[in-house]
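Have a look at query-v9.cif below; it lists mmCIF, C-alpha atoms.
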data_model
#
loop_
_atom_site.label_atom_id
_atom_site.label_comp_id
_atom_site.auth_asym_id
_atom_site.auth_seq_id
_atom_site.Cartn_x
_atom_site.Cartn_y
_atom_site.Cartn_z
CA MET P 1 15.58 -3.24 8.73
CA LEU P 2 13.96 -6.23 10.41
CA LEU P 3 16.93 -7.17 12.53
CA PRO P 4 17.54 -3.74 14.12
CA TYR P 5 13.82 -3.46 14.84
CA ARG P 6 13.68 -6.90 16.44
CA GLN P 7 16.73 -6.02 18.51
CA SER P 8 15.28 -2.65 19.57
CA ILE P 9 12.19 -4.33 21.04
CA GLY P 10 14.27 -7.00 22.79
CA MET P 11 12.98 -10.01 20.84
CA THR P 12 16.21 -11.26 19.28
CA GLU P 13 15.27 -14.93 19.66
CA GLU P 14 11.78 -14.65 18.18
CA TRP P 15 11.11 -15.73 14.61
CA ILE P 16 10.00 -13.15 12.05
CA LEU P 17 7.56 -13.98 9.26
CA LEU P 18 8.54 -12.25 6.02
CA ILE P 19 5.86 -12.34 3.32
CA MET P 20 7.04 -11.51 -0.20
CA ASP P 21 6.53 -12.36 -3.84
CA CYS P 22 8.63 -14.90 -5.74
CA HIS P 23 10.73 -12.40 -7.64
CA LYS P 24 14.15 -13.89 -8.36
CA THR P 25 15.94 -11.14 -6.45
CA HIS P 26 13.98 -11.98 -3.31
CA VAL P 27 14.64 -15.71 -3.33
CA SER P 28 18.34 -15.74 -4.16
CA ASP P 29 20.50 -18.26 -2.31
CA GLY P 30 22.15 -15.46 -0.34
CA ASN P 31 18.83 -14.01 0.83
CA VAL P 32 17.42 -17.39 1.82
CA GLN P 33 20.60 -18.24 3.75
CA PHE P 34 20.53 -14.85 5.50
CA CYS P 35 16.94 -15.48 6.57
CA ARG P 36 17.74 -18.94 7.92
CA GLU P 37 20.69 -17.63 9.92
CA ASN P 38 18.63 -14.80 11.42
CA ARG P 39 15.45 -16.68 12.34
CA ILE P 40 13.36 -15.23 9.53
CA GLN P 41 10.70 -17.52 8.07
CA ILE P 42 9.90 -16.77 4.42
CA CYS P 43 6.38 -17.06 3.06
CA LEU P 44 6.29 -16.72 -0.74
CA LEU P 45 3.21 -15.56 -2.61
CA GLU P 46 2.49 -16.83 -6.08
CA ALA P 47 3.60 -14.62 -8.94
CA HIS P 48 1.33 -11.66 -9.67
CA THR P 49 -0.74 -12.09 -6.49
CA SER P 50 0.92 -9.81 -3.94
CA HIS P 51 -1.53 -6.99 -4.67
CA LEU P 52 -4.35 -9.20 -3.41
CA SER P 53 -3.03 -9.00 0.13
CA GLN P 54 -2.41 -5.26 0.15
CA PRO P 55 -5.39 -3.26 1.39
CA LEU P 56 -4.10 0.01 -0.08
CA ASP P 57 -3.93 -1.52 -3.57
CA VAL P 58 -7.28 -3.26 -3.25
CA GLY P 59 -9.30 -0.44 -1.78
CA ILE P 60 -7.71 2.93 -1.29
CA PHE P 61 -5.57 3.48 -4.41
CA ASN P 62 -8.32 2.34 -6.77
CA SER P 63 -10.83 4.60 -5.02
CA TYR P 64 -8.37 7.50 -5.13
CA LYS P 65 -7.73 7.04 -8.86
CA ALA P 66 -11.47 6.92 -9.58
CA ALA P 67 -12.08 10.05 -7.48
CA TYR P 68 -9.22 11.85 -9.22
CA ARG P 69 -10.61 10.97 -12.66
CA ARG P 70 -14.01 12.32 -11.59
CA SER P 71 -12.41 15.52 -10.32
CA ILE P 72 -10.75 16.14 -13.68
CA SER P 73 -14.12 16.26 -15.38
CA ALA P 74 -15.66 18.32 -12.55
CA SER P 75 -15.85 22.04 -13.14
CA PHE P 76 -15.37 23.09 -9.50
CA LEU P 77 -11.71 23.98 -10.08
CA VAL P 78 -12.18 26.09 -13.20
CA ASP P 79 -12.45 29.36 -11.26
CA ILE P 80 -9.09 28.87 -9.51
CA ASN P 81 -6.79 31.35 -11.18
CA PHE P 82 -4.16 33.43 -9.47
CA GLU P 83 -3.11 36.24 -11.79
CA SER P 84 0.11 36.93 -9.88
CA ILE P 85 1.60 33.51 -10.68
CA SER P 86 2.41 31.64 -13.87
CA ALA P 87 0.04 29.33 -15.74
CA ALA P 88 2.22 26.36 -14.76
CA SER P 89 1.87 27.26 -11.09
CA ASN P 90 -1.88 27.65 -11.50
CA ASN P 91 -2.02 24.17 -13.01
CA ARG P 92 0.03 22.75 -10.11
CA ILE P 93 -2.43 24.30 -7.66
CA LYS P 94 -5.34 22.68 -9.52
CA VAL P 95 -3.60 19.29 -9.48
CA LEU P 96 -2.96 19.65 -5.75
CA ALA P 97 -6.58 20.64 -5.11
CA ARG P 98 -7.82 17.65 -7.14
CA SER P 99 -5.44 15.35 -5.26
CA LEU P 100 -6.56 16.59 -1.86
CA ALA P 101 -10.25 16.29 -2.78
CA SER P 102 -9.62 12.77 -4.12
CA VAL P 103 -7.75 11.69 -0.99
CA GLN P 104 -10.62 12.95 1.12
CA ALA P 105 -13.13 11.06 -1.02
CA ALA P 106 -11.13 7.80 -1.01
CA THR P 107 -9.96 7.62 2.59
CA ASN P 108 -12.72 7.36 5.07
CA LYS P 109 -13.33 4.80 7.79
CA TYR P 110 -15.71 2.77 5.63
CA MET P 111 -13.31 2.58 2.66
CA ILE P 112 -10.39 1.51 4.84
CA LYS P 113 -12.42 -1.21 6.57
CA ARG P 114 -13.74 -2.39 3.21
CA ALA P 115 -10.20 -2.63 1.81
CA PHE P 116 -9.11 -4.88 4.69
CA TYR P 117 -12.28 -6.95 4.27
CA HIS P 118 -11.72 -7.47 0.52
CA THR P 119 -8.18 -8.69 1.10
CA GLY P 120 -9.40 -11.17 3.71
CA ILE P 121 -7.03 -9.76 6.31
CA PHE P 122 -9.67 -8.55 8.77
CA PRO P 123 -11.80 -10.23 9.72
CA LEU P 124 -9.68 -13.19 8.67
CA SER P 125 -11.28 -14.87 5.68
CA PHE P 126 -9.82 -17.65 3.59
CA ILE P 127 -12.55 -17.14 0.97
CA HIS P 128 -10.73 -14.03 -0.29
CA PHE P 129 -7.34 -15.72 -0.65
#
When written as structure tokens, how does the structure in this file appear?
Amino acid sequence: MLLPYRQSIGMTEEWILLIMDCHKTHVSDGNVQFCRENRIQICLLEAHTSHLSQPLDVGIFNSYKAAYRRSISASFLVDINFESISAASNNRIKVLARSLASVQAATNKYMIKRAFYHTGIFPLSFIHF
């Protein structure tokens, strides 16, 4: 995936920085050799720390899950009931409605900026690493 992309933008001689965790499948001899041969520099994160550098994990997914849990206890979806469809389909519609409301609650400009801030990615902050 990296090599075709690099080629498509005409930067075949540029180095690529690949950041990944230390899982044994990632750091096999074959993978490391492939990276060396193709000008890919590997940066390994310590075990069980990759989530710290992922803004979606840090900010958005947690906010979404909290919003979804709140929506389950909310009564605003109780009146949704289409008599012409099955109970299972009615339940799917309620799940979809809860999901959409939760996405809307969890993904706003402030939440996205806050997620990047808490990972230390932007603005760059070594305190968060």
For this session: Counting all atoms listed in the file, figure out which residue out of P:Gly30, P:Pro4, P:Pro55, P:Gly10 gets nearest to Phe122 of chain P.
Result: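 Smallest distance to Phe122 of chain P is found for P:Pro55.
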Centre and size of axis-aligned box enclosing segment 26-44 of chain P plus 5 Å each side, as AutoDock Vina command-line options:
--center_x 14.2 --center_y -15.5 --center_z 4.1 --size_x 25.9 --size_y 17.0 --size_z 26.5
Exercise. To one decimal place, how far is atom CA of Asn108 of chain P from atom CA of Ile80 of chain P in Å?
Worked result: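 Here the two named atoms are 26.2 Å from each other.
Ranking P:Asp21, P:Met111, P:Met1, P:Gln33 by their shortest atom-to-atom distance to His51 of chain P, with only C-alpha atoms included, puts P:Asp21 first.
Distance-wise, atom CA of Ala47 of chain P and atom CA of His118 of chain P end up 19.4 Å apart.
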For this session: For atom CA of Lys109 of chain P and atom CA of Tyr5 of chain P, determine how far apart the two atoms are, in Å to one decimal place.
Result: 29.2 Å
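What the PyMOL selection byres ((chain P and resi 101) around 12) picks from this file is Ser63, Tyr64, Lys65, Ala66, Ala67, Tyr68, Arg69, Arg70, Ser71, Ile72, Ala74, Phe76, Leu77, Lys94, Val95, Leu96, Ala97, Arg98, Ser99, Leu100, Ser102, Val103, Gln104, Ala105, Ala106 and Thr107 of chain P.
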For this session: Point out the residue among P:Ile121, P:Met11, P:Leu18, P:Ala87 with the least atom-to-atom distance to Leu52 of chain P, counting only C-alpha atoms.
Result: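 Among the listed residues, the smallest separation from Leu52 of chain P belongs to P:Ile121.
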For this session: Can you pull out every residue within 12 Å of Cys35 of chain P, counting only C-alpha atoms, but drop anything in the same chain fewer than 6 positions away, and send it as a PyMOL selection string?
Result: chain P and resi 2-3+15-19+26-29+41-43
Exercise. Skipping near chain neighbours, those fewer than 6 positions away, what residues fall within 10 Å of His23 of chain P using all atoms listed in the file, listed as number ranges by chain?
Worked result: P: 44-48
